[in-house]
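Structure file start.cif; described as mmCIF, N, CA and C atoms and all ligand atoms.
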```
data_protein
#
loop_
_atom_site.label_atom_id
_atom_site.label_comp_id
_atom_site.auth_asym_id
_atom_site.auth_seq_id
_atom_site.Cartn_x
_atom_site.Cartn_y
_atom_site.Cartn_z
N MET A 119 124.17 118.77 85.33
CA MET A 119 123.34 119.27 86.41
C MET A 119 122.29 120.24 85.86
N ARG A 120 121.05 120.18 86.40
CA ARG A 120 120.01 121.10 85.97
C ARG A 120 120.30 122.50 86.50
N HIS A 121 119.79 123.50 85.80
CA HIS A 121 119.86 124.87 86.30
C HIS A 121 118.64 125.11 87.20
N ILE A 122 118.88 125.31 88.49
CA ILE A 122 117.78 125.43 89.45
C ILE A 122 117.54 126.90 89.79
N THR A 123 116.32 127.37 89.50
CA THR A 123 115.96 128.76 89.82
C THR A 123 115.06 128.85 91.06
N HIS A 124 114.35 127.75 91.36
CA HIS A 124 113.41 127.78 92.48
C HIS A 124 113.50 126.52 93.34
N ILE A 125 113.39 126.72 94.64
CA ILE A 125 113.22 125.62 95.58
C ILE A 125 111.84 125.82 96.20
N PHE A 126 110.95 124.87 95.99
CA PHE A 126 109.58 125.00 96.48
C PHE A 126 109.34 124.15 97.72
N ILE A 127 108.66 124.76 98.70
CA ILE A 127 108.23 124.04 99.90
C ILE A 127 106.76 123.68 99.74
N HIS A 128 106.46 122.44 100.03
CA HIS A 128 105.09 121.92 99.95
C HIS A 128 104.72 121.23 101.25
N CYS A 129 103.41 120.96 101.38
CA CYS A 129 102.96 119.94 102.32
C CYS A 129 102.41 118.82 101.44
N THR A 130 102.37 117.60 101.98
CA THR A 130 101.84 116.50 101.17
C THR A 130 100.31 116.52 101.14
N ALA A 131 99.70 117.29 102.06
CA ALA A 131 98.23 117.31 102.18
C ALA A 131 97.68 115.90 102.36
N THR A 132 98.35 115.15 103.22
CA THR A 132 97.97 113.77 103.55
C THR A 132 98.02 113.61 105.06
N PRO A 133 97.47 112.51 105.58
CA PRO A 133 97.70 112.22 107.00
C PRO A 133 99.19 112.13 107.30
N GLN A 134 99.59 112.44 108.53
CA GLN A 134 101.01 112.43 108.89
C GLN A 134 101.57 111.02 109.01
N THR A 135 100.69 110.05 108.92
CA THR A 135 101.13 108.65 108.99
C THR A 135 101.67 108.15 107.65
N TRP A 136 101.47 108.93 106.61
CA TRP A 136 101.96 108.50 105.29
C TRP A 136 103.48 108.45 105.26
N GLY A 137 104.01 107.51 104.46
CA GLY A 137 105.45 107.39 104.28
C GLY A 137 105.80 107.23 102.82
N TYR A 138 106.99 106.74 102.57
CA TYR A 138 107.51 106.60 101.21
C TYR A 138 106.54 105.82 100.30
N LYS A 139 106.09 104.65 100.81
CA LYS A 139 105.25 103.76 100.00
C LYS A 139 103.96 104.44 99.57
N GLU A 140 103.30 105.08 100.52
CA GLU A 140 102.01 105.71 100.24
C GLU A 140 102.16 106.87 99.26
N LEU A 141 103.22 107.66 99.45
CA LEU A 141 103.45 108.81 98.56
C LEU A 141 103.72 108.34 97.14
N MET A 142 104.61 107.35 96.99
CA MET A 142 104.96 106.89 95.65
C MET A 142 103.75 106.25 94.96
N ALA A 143 102.92 105.53 95.75
CA ALA A 143 101.72 104.92 95.19
C ALA A 143 100.75 106.00 94.69
N GLU A 144 100.65 107.09 95.46
CA GLU A 144 99.77 108.19 95.08
C GLU A 144 100.21 108.82 93.74
N PHE A 145 101.51 109.01 93.58
CA PHE A 145 102.02 109.59 92.33
C PHE A 145 101.74 108.65 91.16
N ARG A 146 101.95 107.36 91.39
CA ARG A 146 101.66 106.38 90.32
C ARG A 146 100.18 106.41 89.98
N ASN A 147 99.33 106.48 91.00
CA ASN A 147 97.88 106.52 90.77
C ASN A 147 97.46 107.73 89.94
N LYS A 148 98.20 108.81 90.10
CA LYS A 148 97.90 110.01 89.32
C LYS A 148 98.39 109.88 87.89
N GLY A 149 99.15 108.80 87.62
CA GLY A 149 99.67 108.58 86.28
C GLY A 149 100.94 109.36 85.99
N TRP A 150 101.58 109.86 87.07
CA TRP A 150 102.79 110.65 86.89
C TRP A 150 103.99 109.75 86.67
N LYS A 151 104.86 110.15 85.75
CA LYS A 151 106.09 109.39 85.51
C LYS A 151 107.15 109.71 86.54
N ALA A 152 107.08 110.90 87.12
CA ALA A 152 108.05 111.30 88.15
C ALA A 152 107.29 111.65 89.43
N PRO A 153 107.93 111.53 90.58
CA PRO A 153 107.26 111.90 91.84
C PRO A 153 106.93 113.40 91.89
N GLY A 154 106.07 113.79 92.82
CA GLY A 154 105.71 115.19 92.98
C GLY A 154 106.78 116.00 93.69
N TYR A 155 107.64 115.31 94.44
CA TYR A 155 108.68 116.01 95.22
C TYR A 155 110.00 115.25 95.13
N HIS A 156 111.08 115.96 95.32
CA HIS A 156 112.38 115.29 95.42
C HIS A 156 112.59 114.72 96.82
N TYR A 157 112.11 115.50 97.82
CA TYR A 157 112.31 115.10 99.21
C TYR A 157 111.00 115.22 99.98
N ALA A 158 110.79 114.28 100.90
CA ALA A 158 109.67 114.40 101.83
C ALA A 158 110.22 114.18 103.23
N ILE A 159 109.62 114.86 104.21
CA ILE A 159 110.13 114.81 105.57
C ILE A 159 109.03 114.30 106.50
N THR A 160 109.34 113.24 107.21
CA THR A 160 108.36 112.61 108.10
C THR A 160 108.25 113.40 109.40
N PRO A 161 107.17 113.18 110.17
CA PRO A 161 107.02 113.89 111.44
C PRO A 161 108.19 113.66 112.41
N SER A 162 108.89 112.52 112.27
CA SER A 162 110.04 112.30 113.16
C SER A 162 111.31 112.97 112.63
N GLY A 163 111.20 113.65 111.50
CA GLY A 163 112.33 114.40 110.96
C GLY A 163 113.16 113.61 109.96
N GLU A 164 112.71 112.40 109.62
CA GLU A 164 113.46 111.59 108.65
C GLU A 164 113.30 112.18 107.25
N LEU A 165 114.42 112.26 106.56
CA LEU A 165 114.42 112.78 105.19
C LEU A 165 114.28 111.62 104.20
N LEU A 166 113.20 111.64 103.41
CA LEU A 166 112.99 110.62 102.39
C LEU A 166 113.36 111.20 101.03
N THR A 167 114.18 110.49 100.28
CA THR A 167 114.52 110.92 98.94
C THR A 167 113.61 110.19 97.95
N LEU A 168 112.77 110.95 97.24
CA LEU A 168 111.82 110.35 96.30
C LEU A 168 112.34 110.41 94.87
N ALA A 169 113.23 111.37 94.61
CA ALA A 169 113.81 111.50 93.27
C ALA A 169 115.16 112.19 93.41
N ASP A 170 116.12 111.87 92.55
CA ASP A 170 117.39 112.59 92.64
C ASP A 170 117.22 113.98 92.02
N GLU A 171 118.13 114.87 92.37
CA GLU A 171 117.93 116.28 92.03
C GLU A 171 118.01 116.57 90.54
N ASP A 172 118.57 115.65 89.78
CA ASP A 172 118.60 115.85 88.32
C ASP A 172 117.30 115.44 87.64
N THR A 173 116.43 114.79 88.39
CA THR A 173 115.12 114.40 87.87
C THR A 173 114.18 115.60 87.92
N VAL A 174 113.37 115.77 86.88
CA VAL A 174 112.33 116.80 86.89
C VAL A 174 111.12 116.22 87.62
N ALA A 175 110.81 116.76 88.79
CA ALA A 175 109.66 116.28 89.57
C ALA A 175 108.42 117.08 89.20
N ASN A 176 107.27 116.69 89.79
CA ASN A 176 105.97 117.19 89.34
C ASN A 176 105.30 118.16 90.30
N GLY A 177 106.07 119.02 90.99
CA GLY A 177 105.49 119.81 92.08
C GLY A 177 104.68 121.03 91.69
N VAL A 178 105.15 121.82 90.72
CA VAL A 178 104.46 123.05 90.35
C VAL A 178 104.51 123.19 88.83
N LYS A 179 103.36 123.01 88.22
CA LYS A 179 103.27 123.10 86.76
C LYS A 179 103.89 124.41 86.25
N GLY A 180 104.71 124.32 85.24
CA GLY A 180 105.31 125.51 84.66
C GLY A 180 106.67 125.87 85.25
N TYR A 181 107.02 125.26 86.38
CA TYR A 181 108.29 125.57 87.05
C TYR A 181 109.21 124.35 87.18
N ASN A 182 108.68 123.17 86.89
CA ASN A 182 109.38 121.94 87.28
C ASN A 182 110.76 121.76 86.68
N GLN A 183 110.92 122.21 85.45
CA GLN A 183 112.20 122.04 84.75
C GLN A 183 113.37 122.59 85.56
N HIS A 184 113.11 123.66 86.29
CA HIS A 184 114.19 124.37 87.00
C HIS A 184 113.95 124.43 88.50
N ALA A 185 113.25 123.43 89.04
CA ALA A 185 112.88 123.49 90.45
C ALA A 185 113.23 122.22 91.22
N ILE A 186 113.49 122.42 92.51
CA ILE A 186 113.60 121.34 93.48
C ILE A 186 112.37 121.45 94.39
N HIS A 187 111.76 120.31 94.68
CA HIS A 187 110.54 120.30 95.49
C HIS A 187 110.75 119.51 96.78
N ILE A 188 110.35 120.17 97.89
CA ILE A 188 110.47 119.58 99.22
C ILE A 188 109.09 119.59 99.86
N ALA A 189 108.69 118.52 100.50
CA ALA A 189 107.39 118.50 101.18
C ALA A 189 107.52 117.94 102.58
N TYR A 190 106.84 118.59 103.52
CA TYR A 190 106.69 117.92 104.83
C TYR A 190 105.43 117.09 104.77
N ILE A 191 105.46 115.95 105.42
CA ILE A 191 104.29 115.06 105.40
C ILE A 191 103.28 115.60 106.40
N GLY A 192 102.10 115.95 105.91
CA GLY A 192 101.05 116.56 106.72
C GLY A 192 100.46 117.74 105.98
N GLY A 193 100.03 118.75 106.76
CA GLY A 193 99.48 119.95 106.14
C GLY A 193 97.96 119.99 106.10
N ILE A 194 97.31 118.98 106.70
CA ILE A 194 95.85 119.01 106.75
C ILE A 194 95.36 118.55 108.12
N SER A 195 94.18 119.06 108.46
CA SER A 195 93.46 118.57 109.63
C SER A 195 92.22 117.84 109.10
N ILE A 196 91.97 116.66 109.63
CA ILE A 196 90.78 115.91 109.20
C ILE A 196 89.86 115.77 110.40
N ARG A 197 88.70 116.40 110.32
CA ARG A 197 87.73 116.37 111.43
C ARG A 197 86.36 116.09 110.87
N ASN A 198 85.71 115.09 111.40
CA ASN A 198 84.37 114.70 110.93
C ASN A 198 84.34 114.54 109.42
N GLY A 199 85.42 113.97 108.89
CA GLY A 199 85.49 113.73 107.45
C GLY A 199 85.78 114.97 106.63
N LYS A 200 85.98 116.11 107.30
CA LYS A 200 86.25 117.35 106.58
C LYS A 200 87.75 117.68 106.67
N THR A 201 88.34 117.99 105.52
CA THR A 201 89.77 118.28 105.46
C THR A 201 89.99 119.78 105.33
N THR A 202 90.80 120.33 106.25
CA THR A 202 91.14 121.75 106.15
C THR A 202 92.65 121.91 106.25
N PRO A 203 93.21 122.97 105.61
CA PRO A 203 94.66 123.19 105.66
C PRO A 203 95.12 123.47 107.08
N LEU A 204 96.26 122.91 107.45
CA LEU A 204 96.82 123.13 108.79
C LEU A 204 98.33 122.96 108.76
N ASP A 205 99.03 123.95 109.30
CA ASP A 205 100.49 123.83 109.45
C ASP A 205 100.75 122.97 110.68
N ASN A 206 100.94 121.69 110.49
CA ASN A 206 101.19 120.80 111.62
C ASN A 206 102.62 120.25 111.59
N ARG A 207 103.55 121.05 111.09
CA ARG A 207 104.96 120.63 111.11
C ARG A 207 105.42 120.38 112.54
N THR A 208 106.10 119.27 112.75
CA THR A 208 106.68 118.99 114.05
C THR A 208 108.02 119.73 114.16
N THR A 209 108.52 119.84 115.39
CA THR A 209 109.83 120.45 115.60
C THR A 209 110.90 119.74 114.76
N GLN A 210 110.82 118.41 114.73
CA GLN A 210 111.82 117.64 113.97
C GLN A 210 111.70 117.91 112.47
N GLN A 211 110.48 118.05 111.98
CA GLN A 211 110.31 118.38 110.56
C GLN A 211 110.92 119.75 110.24
N ARG A 212 110.65 120.71 111.13
CA ARG A 212 111.20 122.05 110.92
C ARG A 212 112.73 122.01 110.86
N GLN A 213 113.32 121.22 111.78
CA GLN A 213 114.79 121.15 111.81
C GLN A 213 115.34 120.53 110.53
N THR A 214 114.70 119.45 110.06
CA THR A 214 115.19 118.78 108.86
C THR A 214 115.01 119.67 107.62
N ILE A 215 113.89 120.37 107.55
CA ILE A 215 113.67 121.28 106.40
C ILE A 215 114.78 122.33 106.36
N THR A 216 115.06 122.93 107.51
CA THR A 216 116.08 123.98 107.56
C THR A 216 117.44 123.42 107.17
N ARG A 217 117.77 122.24 107.71
CA ARG A 217 119.07 121.64 107.39
C ARG A 217 119.18 121.35 105.89
N LEU A 218 118.11 120.80 105.32
CA LEU A 218 118.10 120.48 103.89
C LEU A 218 118.22 121.75 103.05
N LEU A 219 117.49 122.79 103.43
CA LEU A 219 117.54 124.04 102.66
C LEU A 219 118.95 124.64 102.69
N ARG A 220 119.63 124.53 103.84
CA ARG A 220 121.00 125.06 103.92
C ARG A 220 121.92 124.30 102.98
N GLN A 221 121.72 122.96 102.90
CA GLN A 221 122.53 122.15 101.98
C GLN A 221 122.23 122.53 100.52
N LEU A 222 120.94 122.67 100.22
CA LEU A 222 120.56 123.01 98.84
C LEU A 222 121.09 124.39 98.47
N ARG A 223 121.09 125.29 99.45
CA ARG A 223 121.56 126.66 99.22
C ARG A 223 123.02 126.67 98.76
N THR A 224 123.84 125.73 99.30
CA THR A 224 125.24 125.69 98.87
C THR A 224 125.34 125.19 97.43
N ARG A 225 124.43 124.29 97.04
CA ARG A 225 124.47 123.79 95.65
C ARG A 225 123.82 124.76 94.67
N TYR A 226 122.80 125.48 95.13
CA TYR A 226 122.03 126.35 94.23
C TYR A 226 121.95 127.75 94.84
N PRO A 227 123.08 128.46 94.85
CA PRO A 227 123.11 129.75 95.57
C PRO A 227 122.14 130.79 95.02
N GLN A 228 121.76 130.66 93.75
CA GLN A 228 120.89 131.68 93.14
C GLN A 228 119.40 131.35 93.26
N ALA A 229 119.07 130.18 93.74
CA ALA A 229 117.66 129.75 93.72
C ALA A 229 116.82 130.53 94.71
N THR A 230 115.57 130.81 94.34
CA THR A 230 114.60 131.46 95.20
C THR A 230 113.80 130.41 95.95
N ILE A 231 113.69 130.57 97.27
CA ILE A 231 112.93 129.62 98.08
C ILE A 231 111.51 130.17 98.26
N LEU A 232 110.53 129.41 97.80
CA LEU A 232 109.12 129.83 97.88
C LEU A 232 108.26 128.70 98.40
N GLY A 233 107.13 129.07 99.00
CA GLY A 233 106.08 128.09 99.23
C GLY A 233 105.30 127.92 97.95
N HIS A 234 104.66 126.78 97.78
CA HIS A 234 103.88 126.52 96.56
C HIS A 234 102.90 127.67 96.27
N ARG A 235 102.18 128.10 97.32
CA ARG A 235 101.12 129.12 97.13
C ARG A 235 101.68 130.46 96.66
N ASP A 236 102.98 130.70 96.89
CA ASP A 236 103.57 132.00 96.56
C ASP A 236 103.61 132.26 95.05
N ILE A 237 103.44 131.23 94.23
CA ILE A 237 103.42 131.48 92.77
C ILE A 237 102.20 132.32 92.39
N TRP A 238 101.19 132.35 93.28
CA TRP A 238 99.99 133.14 93.01
C TRP A 238 100.04 134.49 93.72
N GLY A 239 101.20 134.86 94.30
CA GLY A 239 101.34 136.15 94.94
C GLY A 239 101.01 136.08 96.42
N SER A 240 100.88 137.26 97.06
CA SER A 240 100.73 137.29 98.52
C SER A 240 99.27 137.46 98.96
N ASN A 241 98.36 137.63 98.02
CA ASN A 241 96.95 137.79 98.37
C ASN A 241 96.27 136.41 98.48
N PRO A 242 95.88 136.02 99.71
CA PRO A 242 95.30 134.68 99.90
C PRO A 242 94.09 134.39 99.00
N ASN A 243 93.37 135.45 98.60
CA ASN A 243 92.21 135.23 97.72
C ASN A 243 92.61 134.71 96.35
N LYS A 244 93.90 134.88 96.00
CA LYS A 244 94.37 134.46 94.68
C LYS A 244 95.00 133.07 94.70
N TRP A 245 95.13 132.50 95.91
CA TRP A 245 95.78 131.19 96.00
C TRP A 245 94.83 130.09 95.54
N LEU A 246 95.27 129.27 94.61
CA LEU A 246 94.47 128.13 94.18
C LEU A 246 94.63 126.96 95.14
N LYS A 247 95.74 126.97 95.90
CA LYS A 247 95.99 125.97 96.94
C LYS A 247 96.60 126.66 98.13
N ALA A 248 96.40 126.10 99.33
CA ALA A 248 96.98 126.69 100.54
C ALA A 248 98.42 126.21 100.76
N CYS A 249 98.81 125.17 100.06
CA CYS A 249 100.12 124.53 100.20
C CYS A 249 101.25 125.57 100.24
N PRO A 250 102.14 125.55 101.21
CA PRO A 250 102.35 124.56 102.27
C PRO A 250 101.71 124.93 103.62
N CYS A 251 100.73 125.85 103.61
CA CYS A 251 99.99 126.22 104.83
C CYS A 251 100.80 127.05 105.82
N PHE A 252 101.89 127.67 105.37
CA PHE A 252 102.60 128.66 106.20
C PHE A 252 103.40 129.54 105.25
N ASN A 253 103.91 130.66 105.78
CA ASN A 253 104.61 131.62 104.93
C ASN A 253 106.08 131.21 104.75
N ALA A 254 106.31 130.29 103.82
CA ALA A 254 107.66 129.75 103.61
C ALA A 254 108.60 130.82 103.06
N ARG A 255 108.08 131.67 102.19
CA ARG A 255 108.93 132.72 101.61
C ARG A 255 109.57 133.56 102.70
N GLU A 256 108.75 133.94 103.69
CA GLU A 256 109.26 134.77 104.79
C GLU A 256 110.13 133.95 105.75
N GLU A 257 109.63 132.76 106.12
CA GLU A 257 110.33 131.96 107.13
C GLU A 257 111.74 131.57 106.67
N TYR A 258 111.91 131.34 105.37
CA TYR A 258 113.21 130.86 104.88
C TYR A 258 113.96 131.93 104.10
N SER A 259 113.56 133.19 104.27
CA SER A 259 114.21 134.26 103.51
C SER A 259 115.67 134.43 103.91
N GLY A 260 116.04 133.99 105.12
CA GLY A 260 117.42 134.18 105.58
C GLY A 260 118.36 133.05 105.19
N ILE A 261 117.84 132.04 104.50
CA ILE A 261 118.70 130.87 104.16
C ILE A 261 119.38 131.09 102.82
ZN ZN A 301 102.30 121.99 96.86
#
```

Would you mind writing the structure in this file as C-alpha cells?
Amino acid sequence: MRHITHIFIHCTATPQTWGYKELMAEFRNKGWKAPGYHYAITPSGELLTLADEDTVANGVKGYNQHAIHIAYIGGISIRNGKTTPLDNRTTQQRQTITRLLRQLRTRYPQATILGHRDIWGSNPNKWLKACPCFNAREEYSGI
C-alpha cells in the first residue's frame, strides 16, 4: 500500500455532462499514462473509479506519489463561449464526496484533505488554478 499524506479535491473543469469515457479520453489525449484522478463524481452522485488507490495518478505535480485525487464533474460555467470557474456541485455530488472522504479517512487517518488550489496557500492572487472552486480545506476539516 502507498503511504498517503494528502487527499486532494478537484473539479474536472469540464461540462457536467462528461462521464468516464470523456475523462479517460482527455487523459490519454494529454499523453498521460495514468488518469488525473482516482475517483470522479457525476452530478447524480455516482462514484466513478478511474484508478485504484495504489496507482499514482496525475492530479497535482510534486504530490502525486503520496496522494489520492477526487474530482467532482463540473466546476466551470460556459457562457457565450467564455469559461469561468464555478462551484456547481449538486447535492448528490456533495453527499458522495463526503461519504468517500469518510471512507478514505478510515484508510488514511493521517492524510491532509486539501483543495487543489490550497497548495498555493490561502491568498487567491497566488492561485495558479481555481480548482476546485470552493474552500475544500475548510469544508472538509471535520472529516
Ligand atoms: Zn485540480

Residues at most 6 Å from ligand ZN 301 (chain A), using only N, CA and C atoms and all ligand atoms? Could they come as number ranges by chain? A: 127-129, 177, 234, 249-250

Would you mind reading off the distance between atom C of Thr160 (chain A) and CA of Ala189 (chain A), one decimal, in Å?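 These atoms are spaced 9.7 Å apart.
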
Given the choices A:Thr202, A:Ser162, A:Thr209, A:Asn182, which gets closest to Trp136 (chain A) if the distance is worked out from only C-alpha atoms? A:Ser162

Distance criterion (only C-alpha atoms): nearest to Gly260 (chain A) out of A:Arg235, A:Thr230, A:Leu246, A:Thr208: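 With only C-alpha atoms as the atom set, the closest residue is A:Thr230.
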
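CA of Lys139 (chain A) is found 27.2 Å from atom N of Asp236 (chain A).
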
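Between CA of Arg225 (chain A) and CA of Ile122 (chain A) the separation is 9.3 Å.
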
So, with all atoms listed in the file as the atoms that count, which of A:Gly154, A:Pro242, A:Pro133, A:Gly233 lies closest to Asn176 (chain A)?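 That would be A:Gly154, the residue with the smallest distance to Asn176 (chain A).
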
For the helix (DSSP H, G or I) assignment from backbone DSSP, which residues of region 119-250 of chain A qualify? Please present them as number ranges by chain. A: 138-147, 182-184, 209-225, 234-238, 242-244
